[in-house]
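File shown here: input_11.txt, holding compact mmCIF, C-alpha atoms.
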```
# COMPACT_ATOMS: atom_id res chain seq x y z
CA MET Y 1 -13.36 -17.29 7.98
CA LEU Y 2 -14.22 -18.92 4.68
CA ARG Y 3 -17.22 -16.61 4.40
CA TYR Y 4 -14.98 -13.55 4.70
CA LEU Y 5 -12.54 -14.93 2.17
CA ARG Y 6 -15.34 -15.49 -0.36
CA LEU Y 7 -16.67 -12.01 0.31
CA TYR Y 8 -13.19 -10.53 -0.19
CA PHE Y 9 -12.84 -12.30 -3.54
CA CYS Y 10 -16.22 -10.83 -4.56
CA PHE Y 11 -14.91 -7.36 -3.61
CA VAL Y 12 -11.77 -7.94 -5.70
CA SER Y 13 -13.77 -9.21 -8.66
CA PHE Y 14 -16.11 -6.22 -8.55
CA SER Y 15 -13.12 -3.86 -8.29
CA PHE Y 16 -11.55 -5.42 -11.41
CA GLN Y 17 -14.80 -4.91 -13.33
CA LYS Y 18 -15.07 -1.32 -12.15
CA ALA Y 19 -11.43 -0.55 -12.99
CA MET Y 20 -11.83 -1.79 -16.55
CA GLN Y 21 -14.74 0.59 -17.11
CA PHE Y 22 -12.36 3.52 -16.72
CA ARG Y 23 -9.29 2.30 -18.59
CA PHE Y 24 -7.66 5.70 -19.04
CA ASP Y 25 -7.81 6.34 -15.30
CA PHE Y 26 -6.47 2.82 -14.68
CA PHE Y 27 -3.42 3.29 -16.90
CA PHE Y 28 -2.84 6.89 -15.82
CA ARG Y 29 -2.62 5.83 -12.17
CA ILE Y 30 -0.14 3.08 -13.07
CA VAL Y 31 2.03 5.62 -14.90
CA MET Y 32 1.72 8.09 -12.02
CA ASP Y 33 2.81 5.51 -9.43
CA THR Y 34 5.65 4.30 -11.66
CA PHE Y 35 6.85 7.90 -11.89
CA PHE Y 36 6.64 8.11 -8.07
CA TYR Y 37 8.84 5.00 -7.79
CA ALA Y 38 11.34 6.40 -10.30
CA VAL Y 39 11.57 9.71 -8.42
CA ASN Y 40 12.22 7.92 -5.11
CA ILE Y 41 14.92 5.70 -6.56
CA GLY Y 42 16.36 8.59 -8.58
CA LEU Y 43 16.62 10.77 -5.48
CA TYR Y 44 18.88 8.29 -3.74
CA SER Y 45 20.84 7.67 -6.93
CA VAL Y 46 21.64 11.38 -7.09
CA VAL Y 47 22.57 11.51 -3.39
CA PHE Y 48 24.92 8.54 -3.74
CA GLN Y 49 26.64 10.09 -6.74
CA HIS Y 50 28.03 12.65 -4.29
CA THR Y 51 28.69 10.52 -1.21
CA PRO Y 52 29.77 6.89 -0.68
CA SER Y 53 27.54 6.33 2.36
CA LEU Y 54 24.59 7.86 4.14
CA ALA Y 55 24.49 7.29 7.92
CA GLY Y 56 26.67 4.23 7.39
CA TRP Y 57 24.47 2.74 4.65
CA ASP Y 58 25.76 2.23 1.14
CA TYR Y 59 23.67 2.60 -2.01
CA SER Y 60 22.51 -1.03 -2.16
CA GLN Y 61 21.38 -1.03 1.48
CA THR Y 62 19.49 2.21 0.94
CA LEU Y 63 17.79 0.75 -2.12
CA VAL Y 64 16.53 -2.16 -0.01
CA PHE Y 65 15.12 0.36 2.46
CA VAL Y 66 13.46 2.38 -0.32
CA ALA Y 67 12.10 -0.79 -1.93
CA GLY Y 68 10.64 -1.84 1.44
CA PHE Y 69 8.97 1.55 1.79
CA LEU Y 70 7.57 1.29 -1.75
CA LEU Y 71 6.26 -2.20 -1.05
CA ILE Y 72 4.54 -1.16 2.19
CA ASP Y 73 3.00 1.82 0.40
CA ALA Y 74 1.85 -0.36 -2.52
CA VAL Y 75 0.17 -2.89 -0.22
CA HIS Y 76 -1.57 -0.08 1.64
CA MET Y 77 -2.67 1.64 -1.55
CA THR Y 78 -3.91 -1.64 -3.04
CA ALA Y 79 -5.89 -2.96 -0.12
CA PHE Y 80 -6.85 -0.15 2.26
CA SER Y 81 -6.25 3.40 1.10
CA THR Y 82 -9.34 3.96 -1.04
CA ASN Y 83 -11.62 2.66 1.69
CA LEU Y 84 -10.08 4.75 4.43
CA HIS Y 85 -10.25 7.90 2.30
CA HIS Y 86 -14.00 7.37 1.79
CA PHE Y 87 -14.71 6.84 5.48
CA PRO Y 88 -15.20 10.53 6.44
CA LEU Y 89 -17.60 10.95 3.51
CA LEU Y 90 -19.70 8.06 4.81
CA VAL Y 91 -19.87 9.74 8.20
CA ASN Y 92 -20.76 13.15 6.74
CA LYS Y 93 -23.52 11.77 4.52
CA GLY Y 94 -24.93 9.55 7.27
CA ASP Y 95 -24.30 6.36 5.31
CA LEU Y 96 -22.12 4.77 7.95
CA ASP Y 97 -25.12 3.44 9.90
CA TYR Y 98 -26.13 1.41 6.86
CA HIS Y 99 -22.78 -0.39 6.99
CA PHE Y 100 -23.13 -1.21 10.69
CA LEU Y 101 -26.31 -3.18 9.92
CA ARG Y 102 -24.61 -5.60 7.53
CA PRO Y 103 -24.20 -9.21 8.68
CA VAL Y 104 -20.38 -8.98 8.50
CA SER Y 105 -17.79 -7.18 10.56
CA SER Y 106 -18.12 -3.45 9.97
CA LEU Y 107 -14.36 -2.96 10.19
CA PHE Y 108 -13.78 -5.67 7.57
CA PHE Y 109 -16.41 -4.27 5.24
CA LEU Y 110 -15.35 -0.65 5.57
CA THR Y 111 -11.61 -1.27 5.20
CA VAL Y 112 -11.35 -3.83 2.38
CA ARG Y 113 -14.47 -3.27 0.26
CA GLU Y 114 -12.66 -1.32 -2.47
CA PHE Y 115 -9.61 -3.01 -4.00
CA SER Y 116 -7.36 -0.75 -6.07
CA VAL Y 117 -6.58 -2.79 -9.19
CA ASN Y 118 -4.16 -0.24 -10.64
CA SER Y 119 -2.18 -0.34 -7.41
CA LEU Y 120 -2.02 -4.13 -7.75
CA VAL Y 121 0.07 -3.63 -10.88
CA ASN Y 122 2.27 -1.23 -8.94
CA LEU Y 123 2.48 -3.73 -6.07
CA ILE Y 124 3.95 -6.22 -8.52
CA LEU Y 125 6.39 -3.53 -9.66
CA ALA Y 126 7.33 -2.78 -6.02
CA ILE Y 127 7.95 -6.48 -5.39
CA GLY Y 128 10.19 -6.53 -8.48
CA ILE Y 129 12.14 -3.51 -7.22
CA LEU Y 130 12.57 -5.19 -3.82
CA VAL Y 131 13.80 -8.45 -5.38
CA TRP Y 132 16.20 -6.46 -7.59
CA ALA Y 133 17.46 -4.47 -4.59
CA LEU Y 134 17.95 -7.62 -2.51
CA ALA Y 135 19.78 -9.33 -5.39
CA ASN Y 136 22.17 -6.37 -5.67
CA LEU Y 137 22.74 -6.03 -1.92
CA SER Y 138 26.43 -5.59 -1.10
CA THR Y 139 26.27 -7.25 2.33
CA PRO Y 140 25.50 -10.92 3.01
CA PHE Y 141 21.80 -11.56 3.45
CA GLY Y 142 20.75 -14.99 4.76
CA VAL Y 143 17.40 -16.75 4.87
CA PHE Y 144 16.87 -15.79 8.50
CA ASP Y 145 17.53 -12.13 7.64
CA LEU Y 146 15.05 -12.36 4.78
CA VAL Y 147 12.36 -13.83 7.05
CA LEU Y 148 12.91 -11.08 9.62
CA PHE Y 149 12.79 -8.45 6.87
CA LEU Y 150 9.50 -9.84 5.54
CA ILE Y 151 8.05 -9.87 9.06
CA ALA Y 152 9.17 -6.25 9.49
CA LEU Y 153 7.44 -5.37 6.19
CA ALA Y 154 4.22 -7.03 7.41
CA PHE Y 155 4.41 -5.01 10.64
CA GLY Y 156 5.03 -1.90 8.54
CA VAL Y 157 1.80 -2.53 6.62
CA ALA Y 158 -0.08 -3.07 9.89
CA VAL Y 159 1.32 0.10 11.46
CA GLN Y 160 0.48 2.19 8.40
CA PHE Y 161 -3.07 0.78 8.39
CA LEU Y 162 -3.54 1.50 12.10
CA LEU Y 163 -2.13 5.01 11.80
CA GLN Y 164 -4.51 5.74 8.93
CA ILE Y 165 -7.45 4.46 10.99
CA ALA Y 166 -6.34 6.62 13.91
CA GLN Y 167 -6.38 9.69 11.64
CA ILE Y 168 -10.01 9.23 10.62
CA PRO Y 169 -11.84 12.33 11.86
CA GLN Y 170 -14.43 11.72 14.54
CA GLY Y 171 -17.31 13.71 15.96
CA ASP Y 172 -17.20 17.50 15.59
CA ARG Y 173 -13.76 17.39 13.93
CA LEU Y 174 -15.33 16.32 10.64
CA VAL Y 175 -14.96 18.75 7.79
CA GLY Y 176 -17.94 18.80 5.49
```

Would it be possible to restate this file's structure as structure tokens?
Amino acid sequence: MLRYLRLYFCFVSFSFQKAMQFRFDFFFRIVMDTFFYAVNIGLYSVVFQHTPSLAGWDYSQTLVFVAGFLLIDAVHMTAFSTNLHHFPLLVNKGDLDYHFLRPVSSLFFLTVREFSVNSLVNLILAIGILVWALANLSTPFGVFDLVLFLIALAFGVAVQFLLQIAQIPQGDRLVG
């Protein structure tokens, strides 16, 4: 386990070095994701200007839901998305066999090798939005509720990861 942790920190370190080589792309992606967050929050702000509740949820409850969605998306984009988007290219080019020969788990190597540094900044922003939404929540929210919510967020990350893996094209369905 310690070996995999050290390897992951090497991946993260290399990703930081690579991200700083392309600073414009790094900052542009941060701005793009921040705009995405603003659009999502703005959408619900506009909806709640015209109605007091949506399916029984008030504005503050909906913001917690949106913040949870943004956090799950940010974790996925930071840790897994880049790797899973490159997977079909590895299959098409025949480079996937090279990864199976490595002395580490192929699934670990292929899913966490690239760490999206710009999305890490947006992950921090998503955490801030979630904390802000929870602080402004209109209904009582205890410690037990918070623990259950955090567990649900962890399951959300896992489900999104597994769904993305399930969508990876296989065999003759590959588009080249």

Near-stretch 50-60 of chain Y list (9 Å; all atoms listed in the file; drop same-chain fewer than 5 positions) as a PyMOL selection string: chain Y and resi 44-45+65+133-134+136-139

Give me the residues of stretch 50-125 of chain Y that have any atom at most 9 Å from an atom of stretch 141-153 of chain Y; for each, the nearest atom pair and the distance in Å, rounded to one decimal. Use all atoms listed in the file, sort by chain and number, and format it as CSV.
```
residue,atom,partner,partner_atom,distance
Y:Gly68,CA,Y:Leu153,CA,6.7
Y:Phe69,CA,Y:Leu153,CA,8.3
Y:Leu71,CA,Y:Leu153,CA,8.0
Y:Ile72,CA,Y:Leu153,CA,6.5
```

One number please: atom CA of Y:Val112 to atom CA of Y:Phe9, in Å, one decimal.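 We find that atom CA of Y:Val112 and atom CA of Y:Phe9 lie 10.4 Å from each other.
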
Rounded to one decimal place, report the atom CA of Y:Ala158-atom CA of Y:His86 distance in Å. 19.2 Å

Selected residue of minimal separation from Y:Met77 among Y:Met1, Y:Leu163, Y:Val12, Y:Leu123, counting only C-alpha atoms: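 Closest residue, counting only C-alpha atoms: Y:Leu123.
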
Have a look at atom CA of Y:Met32 and atom CA of Y:Phe108 and let me know their distance in Å, one decimal.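 The value is 28.5 Å.
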
With distances taken over only C-alpha atoms, which residue among Y:Ile165, Y:Val117, Y:Val131, Y:Val47 lies nearest Y:Phe26?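 Going through Y:Ile165, Y:Val117, Y:Val131, Y:Val47 one by one, the smallest distance to Y:Phe26 is for Y:Val117.
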
If we count all atoms listed in the file and set the cut-off at 10 Å, which residues sit around Y:Phe80, ignoring sequence neighbours fewer than 5 positions away in its own chain? Please answer as an mmCIF file with C-alpha atoms, in the coordinates of the input.
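This went into out-v8.cif:
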```
data_model
loop_
_atom_site.group_PDB
_atom_site.id
_atom_site.type_symbol
_atom_site.label_atom_id
_atom_site.label_comp_id
_atom_site.auth_asym_id
_atom_site.auth_seq_id
_atom_site.Cartn_x
_atom_site.Cartn_y
_atom_site.Cartn_z
ATOM 1 C CA ALA Y 74 1.850 -0.360 -2.520
ATOM 2 C CA VAL Y 75 0.170 -2.890 -0.220
ATOM 3 C CA HIS Y 85 -10.250 7.900 2.300
ATOM 4 C CA LEU Y 110 -15.350 -0.650 5.570
ATOM 5 C CA THR Y 111 -11.610 -1.270 5.200
ATOM 6 C CA VAL Y 112 -11.350 -3.830 2.380
ATOM 7 C CA ARG Y 113 -14.470 -3.270 0.260
ATOM 8 C CA GLU Y 114 -12.660 -1.320 -2.470
ATOM 9 C CA PHE Y 115 -9.610 -3.010 -4.000
ATOM 10 C CA SER Y 116 -7.360 -0.750 -6.070
ATOM 11 C CA VAL Y 157 1.800 -2.530 6.620
ATOM 12 C CA GLN Y 160 0.480 2.190 8.400
ATOM 13 C CA PHE Y 161 -3.070 0.780 8.390
ATOM 14 C CA GLN Y 164 -4.510 5.740 8.930
ATOM 15 C CA ILE Y 165 -7.450 4.460 10.990
#
```

Can you tell me, as lines of an AutoDock Vina configuration file, the centre and edge lengths (Å, one decimal) of the axis-aligned box enclosing all of stretch 134-139 of chain Y's listed atoms after padding each side by 5 Å?
```
center_x = 22.2
center_y = -7.5
center_z = -1.7
size_x = 18.5
size_y = 13.7
size_z = 18.0
```

Residue with smallest distance to Y:Phe87 - pool Y:Leu43, Y:Leu101, Y:Cys10, Y:Leu107, counting all atoms listed in the file: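 Looking at the shortest contact to Y:Phe87, the residue is Y:Leu107.
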
Could you rebuild stretch 93-121 of chain Y with N, CA and C atoms and give it back as an mmCIF file, keeping the file's coordinate frame?
```
data_model
loop_
_atom_site.group_PDB
_atom_site.id
_atom_site.type_symbol
_atom_site.label_atom_id
_atom_site.label_comp_id
_atom_site.auth_asym_id
_atom_site.auth_seq_id
_atom_site.Cartn_x
_atom_site.Cartn_y
_atom_site.Cartn_z
ATOM 1 N N LYS Y 93 -22.246 11.989 5.218
ATOM 2 C CA LYS Y 93 -23.520 11.770 4.520
ATOM 3 C C LYS Y 93 -24.503 10.945 5.331
ATOM 4 N N GLY Y 94 -24.050 10.365 6.440
ATOM 5 C CA GLY Y 94 -24.930 9.550 7.270
ATOM 6 C C GLY Y 94 -25.073 8.122 6.765
ATOM 7 N N ASP Y 95 -24.210 7.705 5.863
ATOM 8 C CA ASP Y 95 -24.300 6.360 5.310
ATOM 9 C C ASP Y 95 -23.574 5.311 6.135
ATOM 10 N N LEU Y 96 -22.884 5.722 7.161
ATOM 11 C CA LEU Y 96 -22.120 4.770 7.950
ATOM 12 C C LEU Y 96 -23.041 3.824 8.720
ATOM 13 N N ASP Y 97 -24.188 4.296 9.166
ATOM 14 C CA ASP Y 97 -25.120 3.440 9.900
ATOM 15 C C ASP Y 97 -25.569 2.256 9.049
ATOM 16 N N TYR Y 98 -25.734 2.477 7.775
ATOM 17 C CA TYR Y 98 -26.130 1.410 6.860
ATOM 18 C C TYR Y 98 -25.105 0.282 6.871
ATOM 19 N N HIS Y 99 -23.833 0.615 6.982
ATOM 20 C CA HIS Y 99 -22.780 -0.390 6.990
ATOM 21 C C HIS Y 99 -22.700 -1.145 8.319
ATOM 22 N N PHE Y 100 -23.137 -0.524 9.399
ATOM 23 C CA PHE Y 100 -23.130 -1.210 10.690
ATOM 24 C C PHE Y 100 -24.201 -2.295 10.762
ATOM 25 N N LEU Y 101 -25.214 -2.210 9.904
ATOM 26 C CA LEU Y 101 -26.310 -3.180 9.920
ATOM 27 C C LEU Y 101 -26.027 -4.420 9.086
ATOM 28 N N ARG Y 102 -24.940 -4.440 8.371
ATOM 29 C CA ARG Y 102 -24.610 -5.600 7.530
ATOM 30 C C ARG Y 102 -24.247 -6.808 8.404
ATOM 31 N N PRO Y 103 -24.478 -8.004 7.875
ATOM 32 C CA PRO Y 103 -24.200 -9.210 8.680
ATOM 33 C C PRO Y 103 -22.728 -9.648 8.647
ATOM 34 N N VAL Y 104 -21.816 -8.704 8.438
ATOM 35 C CA VAL Y 104 -20.380 -8.980 8.500
ATOM 36 C C VAL Y 104 -19.745 -7.918 9.389
ATOM 37 N N SER Y 105 -18.508 -8.144 9.739
ATOM 38 C CA SER Y 105 -17.790 -7.180 10.560
ATOM 39 C C SER Y 105 -17.735 -5.830 9.853
ATOM 40 N N SER Y 106 -18.131 -4.793 10.555
ATOM 41 C CA SER Y 106 -18.120 -3.450 9.970
ATOM 42 C C SER Y 106 -16.706 -3.021 9.616
ATOM 43 N N LEU Y 107 -15.750 -3.335 10.462
ATOM 44 C CA LEU Y 107 -14.360 -2.960 10.190
ATOM 45 C C LEU Y 107 -13.868 -3.666 8.927
ATOM 46 N N PHE Y 108 -14.171 -4.941 8.780
ATOM 47 C CA PHE Y 108 -13.780 -5.670 7.570
ATOM 48 C C PHE Y 108 -14.413 -5.030 6.342
ATOM 49 N N PHE Y 109 -15.694 -4.807 6.401
ATOM 50 C CA PHE Y 109 -16.410 -4.270 5.240
ATOM 51 C C PHE Y 109 -15.923 -2.874 4.870
ATOM 52 N N LEU Y 110 -15.722 -2.038 5.845
ATOM 53 C CA LEU Y 110 -15.350 -0.650 5.570
ATOM 54 C C LEU Y 110 -13.878 -0.483 5.179
ATOM 55 N N THR Y 111 -13.029 -1.447 5.500
ATOM 56 C CA THR Y 111 -11.610 -1.270 5.200
ATOM 57 C C THR Y 111 -11.114 -2.046 3.988
ATOM 58 N N VAL Y 112 -11.837 -3.055 3.528
ATOM 59 C CA VAL Y 112 -11.350 -3.830 2.380
ATOM 60 C C VAL Y 112 -12.353 -3.918 1.228
ATOM 61 N N ARG Y 113 -13.439 -3.188 1.290
ATOM 62 C CA ARG Y 113 -14.470 -3.270 0.260
ATOM 63 C C ARG Y 113 -13.950 -2.864 -1.118
ATOM 64 N N GLU Y 114 -13.215 -1.786 -1.192
ATOM 65 C CA GLU Y 114 -12.660 -1.320 -2.470
ATOM 66 C C GLU Y 114 -11.236 -1.828 -2.612
ATOM 67 N N PHE Y 115 -10.944 -2.481 -3.712
ATOM 68 C CA PHE Y 115 -9.610 -3.010 -4.000
ATOM 69 C C PHE Y 115 -9.070 -2.217 -5.176
ATOM 70 N N SER Y 116 -7.919 -1.604 -5.020
ATOM 71 C CA SER Y 116 -7.360 -0.750 -6.070
ATOM 72 C C SER Y 116 -6.566 -1.611 -7.054
ATOM 73 N N VAL Y 117 -7.175 -1.898 -8.193
ATOM 74 C CA VAL Y 117 -6.580 -2.790 -9.190
ATOM 75 C C VAL Y 117 -5.319 -2.167 -9.789
ATOM 76 N N ASN Y 118 -5.350 -0.878 -10.068
ATOM 77 C CA ASN Y 118 -4.160 -0.240 -10.640
ATOM 78 C C ASN Y 118 -2.982 -0.305 -9.677
ATOM 79 N N SER Y 119 -3.257 -0.225 -8.391
ATOM 80 C CA SER Y 119 -2.180 -0.340 -7.410
ATOM 81 C C SER Y 119 -1.670 -1.772 -7.309
ATOM 82 N N LEU Y 120 -2.489 -2.745 -7.715
ATOM 83 C CA LEU Y 120 -2.020 -4.130 -7.750
ATOM 84 C C LEU Y 120 -0.880 -4.272 -8.748
ATOM 85 N N VAL Y 121 -1.013 -3.622 -9.892
ATOM 86 C CA VAL Y 121 0.070 -3.630 -10.880
ATOM 87 C C VAL Y 121 1.315 -2.985 -10.287
#
```
